[in-house]
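Taking it in order: structure first as structure tokens, then the write-up.
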Amino acid sequence: MIRDLSDDEARRALVCKWGEVPDDVLPAWVAEMDYAIAPPIAEALHAAIDASRTGYPRFGAGGALGAAYAGFAARHFAHDVDPERVVATVDVTAGVRLALDVAAPAGGLVMPVPGYAPQLEMAAITGRRHHALVVDAEAPRAELDLAALDRHFRDGARVLLLTQPHNPWGRVFTRAELEGVRDVVRRHDAFVVSDEIHAPLVLDGEHVPYLAIDGTADHTVAVVAASKAFNIAGLKCAQLVTASRLLHDALATAPMARNDSWSVLGVEASIAAYTDGDTWLAALLDRLRAQRDLLGHLLADHLPLARMRPLEATYLAWVDLRGYGYDDPAAVALERGRVQIAAGHDYHPGLVGHARINIATSPERLTEIVRRLAAALEA
Ligand SMILES: Cc1ncc(COP(=O)(O)O)c(C=O)c1O
């Protein structure tokens with residue numbers, strides 16, 4: 001059911017992941033998967049093109065997209081979402097920015113670090129102070145430091161940009177952890193923007209939407225999308241979810257000049273993914289679990305000094321390569337091994353010796369990625 005793209009197909013399909021690197025470089029960096037899209041999505045897109053559905057999308061909240069997401073959230077997360085409180089936006093990055101601009105209170109922005117690289121600039125571009133909530137690189141399991149979160153809120157921060165499941169830690173936060181976050185947030189009358197783009201990609205455990213925690217409705221905007229799990233980021237459609245009328249109205253009535261317009265094809269693809277994508281998604285998760293296990297074996301065999309964080313979700317493995325003695329192992333891997341992995345310091349400025357490896361490819365390519373990495377780091 002999961003169809004691997006050949007190298008030629010991948011180069012034509014993934015113009016960023018494959019197109020931005022020279023032909024002799026194996027790409028394992030940006031979060032895109034080397035798989036053909038799910039058949040129901042392809043069918044929906046073909047039908048839309050056949051119907052010349054290439055104009056503006058429908059505006060307004062809810063609709064077929066809201067109903068499709070609500071159905072997906074009920075089936076996958078046992079989470080009750082009001083379809084009318086689902087607002088489209090162009091992508092998750094834009095959705096986070098919009099939530100910060102029109103729904104969140106003024107004040108500093110706390111961001112768990114390492115964190116999704118483009119979001120490290122989110123505080124600056126929304127006119128806020130950046131508060132880094134740093135996870136200890138030595139800790140075996142990445143956890144949110146609630147005492148440090150409390151200190152940031154005392155120090156002027158008002159908003160937490162939560163990413164859960166977390167990229168690049170690969171963590172799925174438990175209900176108890178999220179309740180702990182909620183308690184600190186409420187103590188300070190603070191706010192949460194919860195980036196849940198990786199929610200369908202849980203490999204172990206279960207995703208608990210932050211909005212499914214009691215007492216979060218009045219301080220939360222969740223930003224979700226089918227884009228990461230279904231490989232449709234280029235189609236540009238994410239969704240903002242709220243459980244309070246006030247917050248919903250703030251988002252839904254944002255002037256058009258603030259909410260970049262999402263794409264009609266993105267809406268079609270998202271509806272197909274949420275409605276008819278369960279079987280393909282289950283096969284994808286099986287493949288990713290197998291890839292994760294394979295990576296564990298490959299690292300043990302070829303890079304015994306590497307330490308990989310347990311990958312509970314996503315297809316992005318966070319690996320500590322300090323044992324090999326390079327500040328920037330990704331640069332060494334590219335230069336000597338012709339393999340492109342993501343540098344850890346992009347996610348945590350100043351952090352040395354770490355990298356993120358994208359495992360969403362074929363077993364053969366993953367084997368070759370690690371072989372090249374080992375050849376480069378052990379040279
Ligand atoms: C946590 C997180 N948020 C947002 C994004 C980007 O989403 P979008 O392309 O919808 O802006 C990514 C991409 O990998 C991500 O990992």
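In the structure tokens, chains take letters A, B, ... by order of appearance, with residues numbered from 1 within each chain and ligands from 1 in the order shown.
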
Residues flagged helix (DSSP H, G or I) by DSSP in segment 5-168 of chain A, as a PyMOL selection string: chain A and resi 7-13+39-50+63-77+83-85+92-102+117-125+146-154

Per residue of chain A within 9 Å of ligand 1, which atom pair is closest and at what distance in Å (one decimal), using only C-alpha atoms and all ligand atoms, listed by chain and increasing number, as a Markdown table?
```
| residue | atom | partner | partner_atom_place_in_ligand_line | distance |
| --- | --- | --- | --- | --- |
| A:Val30 | CA | ligand 1 | 14 (O) | 7.1 |
| A:Ala31 | CA | ligand 1 | 14 (O) | 5.0 |
| A:Glu32 | CA | ligand 1 | 14 (O) | 7.8 |
| A:Val90 | CA | ligand 1 | 10 (O) | 7.4 |
| A:Asp91 | CA | ligand 1 | 10 (O) | 3.8 |
| A:Val92 | CA | ligand 1 | 10 (O) | 3.7 |
| A:Thr93 | CA | ligand 1 | 11 (O) | 3.7 |
| A:Ala94 | CA | ligand 1 | 11 (O) | 6.3 |
| A:Gly95 | CA | ligand 1 | 11 (O) | 7.9 |
| A:Val96 | CA | ligand 1 | 4 (C) | 8.5 |
| A:Gly115 | CA | ligand 1 | 1 (C) | 7.5 |
| A:Tyr116 | CA | ligand 1 | 1 (C) | 5.3 |
| A:Ala117 | CA | ligand 1 | 16 (O) | 8.4 |
| A:Pro118 | CA | ligand 1 | 5 (C) | 8.1 |
| A:Gln119 | CA | ligand 1 | 3 (N) | 7.6 |
| A:Leu162 | CA | ligand 1 | 1 (C) | 8.9 |
| A:Thr163 | CA | ligand 1 | 1 (C) | 5.6 |
| A:Gln164 | CA | ligand 1 | 1 (C) | 7.5 |
| A:Pro165 | CA | ligand 1 | 1 (C) | 7.9 |
| A:His166 | CA | ligand 1 | 1 (C) | 6.5 |
| A:Asn167 | CA | ligand 1 | 1 (C) | 5.2 |
| A:Pro168 | CA | ligand 1 | 16 (O) | 7.4 |
| A:Asp195 | CA | ligand 1 | 3 (N) | 6.0 |
| A:Glu196 | CA | ligand 1 | 1 (C) | 7.1 |
| A:Ile197 | CA | ligand 1 | 3 (N) | 5.9 |
| A:His198 | CA | ligand 1 | 1 (C) | 6.8 |
| A:Val223 | CA | ligand 1 | 3 (N) | 8.8 |
| A:Val224 | CA | ligand 1 | 10 (O) | 8.4 |
| A:Ala225 | CA | ligand 1 | 10 (O) | 6.9 |
| A:Ala226 | CA | ligand 1 | 10 (O) | 8.9 |
| A:Ser227 | CA | ligand 1 | 10 (O) | 6.5 |
| A:Lys228 | CA | ligand 1 | 14 (O) | 6.7 |
| A:Ala233 | CA | ligand 1 | 9 (O) | 5.4 |
| A:Gly234 | CA | ligand 1 | 9 (O) | 7.6 |
| A:Lys236 | CA | ligand 1 | 10 (O) | 7.0 |
| A:Cys237 | CA | ligand 1 | 10 (O) | 7.4 |
| A:Ala238 | CA | ligand 1 | 10 (O) | 6.3 |
| A:Thr314 | CA | ligand 1 | 16 (O) | 8.6 |
| A:Leu316 | CA | ligand 1 | 16 (O) | 8.9 |
```

Spatial neighbours of Val184 of chain A, 9 Å, only C-alpha atoms, chain gap at least 2 places, as an MDAnalysis selection string: chainID A and resid 146:147 149:150 153 179:182 186:190

For the residues selected in the previous step, produce a file with N, CA and C atoms as a PDB file, in the first residue's frame.
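Output (selection-v3.pdb):
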```pdb
ATOM      1  N   LEU A 146       8.805  21.966  33.621  1.00  0.00           N
ATOM      2  CA  LEU A 146       7.694  22.812  34.060  1.00  0.00           C
ATOM      3  C   LEU A 146       8.153  23.916  35.006  1.00  0.00           C
ATOM      4  N   ALA A 147       9.205  23.651  35.777  1.00  0.00           N
ATOM      5  CA  ALA A 147       9.725  24.704  36.666  1.00  0.00           C
ATOM      6  C   ALA A 147      10.307  25.841  35.819  1.00  0.00           C
ATOM      7  N   LEU A 149       9.389  26.527  32.744  1.00  0.00           N
ATOM      8  CA  LEU A 149       8.234  27.180  32.098  1.00  0.00           C
ATOM      9  C   LEU A 149       7.630  28.208  33.049  1.00  0.00           C
ATOM     10  N   ASP A 150       7.485  27.800  34.292  1.00  0.00           N
ATOM     11  CA  ASP A 150       6.959  28.702  35.319  1.00  0.00           C
ATOM     12  C   ASP A 150       7.824  29.961  35.435  1.00  0.00           C
ATOM     13  N   PHE A 153       7.236  32.328  32.531  1.00  0.00           N
ATOM     14  CA  PHE A 153       5.994  33.091  32.666  1.00  0.00           C
ATOM     15  C   PHE A 153       6.159  34.194  33.725  1.00  0.00           C
ATOM     16  N   GLU A 179      -1.350  17.867  31.407  1.00  0.00           N
ATOM     17  CA  GLU A 179      -2.068  18.465  32.548  1.00  0.00           C
ATOM     18  C   GLU A 179      -1.121  19.333  33.371  1.00  0.00           C
ATOM     19  N   GLY A 180       0.124  18.880  33.453  1.00  0.00           N
ATOM     20  CA  GLY A 180       1.132  19.687  34.156  1.00  0.00           C
ATOM     21  C   GLY A 180       1.349  21.026  33.461  1.00  0.00           C
ATOM     22  N   VAL A 181       1.399  20.990  32.129  1.00  0.00           N
ATOM     23  CA  VAL A 181       1.546  22.234  31.353  1.00  0.00           C
ATOM     24  C   VAL A 181       0.344  23.132  31.623  1.00  0.00           C
ATOM     25  N   ARG A 182      -0.841  22.545  31.520  1.00  0.00           N
ATOM     26  CA  ARG A 182      -2.065  23.329  31.748  1.00  0.00           C
ATOM     27  C   ARG A 182      -2.047  24.023  33.107  1.00  0.00           C
ATOM     28  N   ARG A 186      -2.294  27.997  33.491  1.00  0.00           N
ATOM     29  CA  ARG A 186      -3.440  28.634  34.176  1.00  0.00           C
ATOM     30  C   ARG A 186      -2.995  29.473  35.361  1.00  0.00           C
ATOM     31  N   ARG A 187      -1.957  29.008  36.040  1.00  0.00           N
ATOM     32  CA  ARG A 187      -1.460  29.772  37.197  1.00  0.00           C
ATOM     33  C   ARG A 187      -1.042  31.177  36.772  1.00  0.00           C
ATOM     34  N   HIS A 188      -0.597  31.295  35.518  1.00  0.00           N
ATOM     35  CA  HIS A 188      -0.088  32.596  35.062  1.00  0.00           C
ATOM     36  C   HIS A 188      -1.045  33.276  34.090  1.00  0.00           C
ATOM     37  N   ASP A 189      -2.249  32.730  33.960  1.00  0.00           N
ATOM     38  CA  ASP A 189      -3.204  33.288  33.005  1.00  0.00           C
ATOM     39  C   ASP A 189      -2.550  33.429  31.626  1.00  0.00           C
ATOM     40  N   ALA A 190      -1.833  32.406  31.249  1.00  0.00           N
ATOM     41  CA  ALA A 190      -1.079  32.451  29.990  1.00  0.00           C
ATOM     42  C   ALA A 190      -1.877  31.747  28.889  1.00  0.00           C
TER      43      ALA A 190
END
```

Contact residues around segment 73-80 of chain A with only C-alpha atoms at 8 Å, ignoring same-chain residues under 6 positions, as a ChimeraX atom specification: /A:200,206-209,212

Go ahead and write the selection's residues with N, CA and C atoms as a PDB file, in the first residue's frame.
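Generated output (part25.pdb):
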```pdb
ATOM      1  N   PRO A 200      -1.057  12.760  13.575  1.00  0.00           N
ATOM      2  CA  PRO A 200      -1.410  11.439  13.009  1.00  0.00           C
ATOM      3  C   PRO A 200      -0.234  10.474  12.966  1.00  0.00           C
ATOM      4  N   GLU A 206      -0.382   7.249  22.510  1.00  0.00           N
ATOM      5  CA  GLU A 206      -1.499   7.900  21.827  1.00  0.00           C
ATOM      6  C   GLU A 206      -1.364   9.405  21.925  1.00  0.00           C
ATOM      7  N   HIS A 207      -1.838  10.058  20.881  1.00  0.00           N
ATOM      8  CA  HIS A 207      -1.812  11.518  20.872  1.00  0.00           C
ATOM      9  C   HIS A 207      -3.004  12.041  21.676  1.00  0.00           C
ATOM     10  N   VAL A 208      -2.717  12.896  22.645  1.00  0.00           N
ATOM     11  CA  VAL A 208      -3.784  13.567  23.393  1.00  0.00           C
ATOM     12  C   VAL A 208      -3.792  15.032  22.944  1.00  0.00           C
ATOM     13  N   PRO A 209      -4.818  15.447  22.208  1.00  0.00           N
ATOM     14  CA  PRO A 209      -4.841  16.861  21.799  1.00  0.00           C
ATOM     15  C   PRO A 209      -4.831  17.745  23.054  1.00  0.00           C
ATOM     16  N   ALA A 212      -8.030  18.555  24.395  1.00  0.00           N
ATOM     17  CA  ALA A 212      -8.809  17.495  25.036  1.00  0.00           C
ATOM     18  C   ALA A 212      -8.565  17.457  26.541  1.00  0.00           C
TER      19      ALA A 212
END
```

Env of segment 258-266 of chain A: 8 Å cut, atoms = only C-alpha atoms, seq-sep filter 2 positions within chain, self excluded. Answer as a PDB file with C-alpha atoms, in the first residue's frame.
```pdb
ATOM      1  CA  LEU A  45      -7.045  15.867  -6.863  1.00  0.00           C
ATOM      2  CA  ALA A  48     -10.807  18.518  -8.885  1.00  0.00           C
ATOM      3  CA  ARG A  53     -11.631  23.439  -9.602  1.00  0.00           C
ATOM      4  CA  THR A  54      -8.620  25.706  -9.523  1.00  0.00           C
ATOM      5  CA  GLY A  55     -10.047  28.985  -8.281  1.00  0.00           C
ATOM      6  CA  TYR A  56     -10.360  30.412  -4.803  1.00  0.00           C
ATOM      7  CA  PRO A  57     -11.438  28.126  -1.972  1.00  0.00           C
ATOM      8  CA  ARG A  58     -14.690  28.645  -0.106  1.00  0.00           C
ATOM      9  CA  ALA A  88      -8.737  27.036   7.351  1.00  0.00           C
ATOM     10  CA  THR A  89      -5.404  28.715   6.944  1.00  0.00           C
ATOM     11  CA  VAL A  90      -2.573  28.387   4.476  1.00  0.00           C
ATOM     12  CA  ASP A  91      -0.202  26.187   6.447  1.00  0.00           C
ATOM     13  CA  ALA A  94       0.926  30.749   8.998  1.00  0.00           C
ATOM     14  CA  GLY A  95      -1.651  29.355  11.421  1.00  0.00           C
ATOM     15  CA  LEU A  98      -2.171  34.117  12.909  1.00  0.00           C
ATOM     16  CA  ILE A 232       0.835  17.178   0.867  1.00  0.00           C
ATOM     17  CA  LEU A 235      -0.950  21.955  -1.404  1.00  0.00           C
ATOM     18  CA  LYS A 236      -1.218  24.549   1.359  1.00  0.00           C
ATOM     19  CA  CYS A 237      -4.070  23.946   3.744  1.00  0.00           C
ATOM     20  CA  ALA A 238      -3.920  23.782   7.533  1.00  0.00           C
ATOM     21  CA  ALA A 254      -9.298  38.066  11.018  1.00  0.00           C
ATOM     22  CA  PRO A 255      -8.965  40.438   8.079  1.00  0.00           C
ATOM     23  CA  MET A 256      -8.118  38.661   4.845  1.00  0.00           C
ATOM     24  CA  GLU A 268      -9.783  18.752  -1.468  1.00  0.00           C
ATOM     25  CA  ALA A 269      -6.694  16.761  -0.478  1.00  0.00           C
ATOM     26  CA  SER A 270      -7.216  17.356   3.244  1.00  0.00           C
TER      27      SER A 270
END
```

Contacts of Asp23 of chain A at 12 Å (only C-alpha atoms; same-chain gap of 2+ positions) as a ChimeraX atom specification: /A:7-8,10-11,17-21,25-27,338-340

Nearest-residue call for Leu311 of chain A, choices A:Leu14, A:Leu246, A:Ile357, A:Ala252, using only C-alpha atoms: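 The answer is A:Ile357, which sits nearest to Leu311 of chain A.
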
All strand (DSSP E) residues (DSSP, backbone) inside segment 101-275 of chain A, as a ChimeraX atom specification: /A:108-113,130-134,157-163,191-195,220-224,238-241
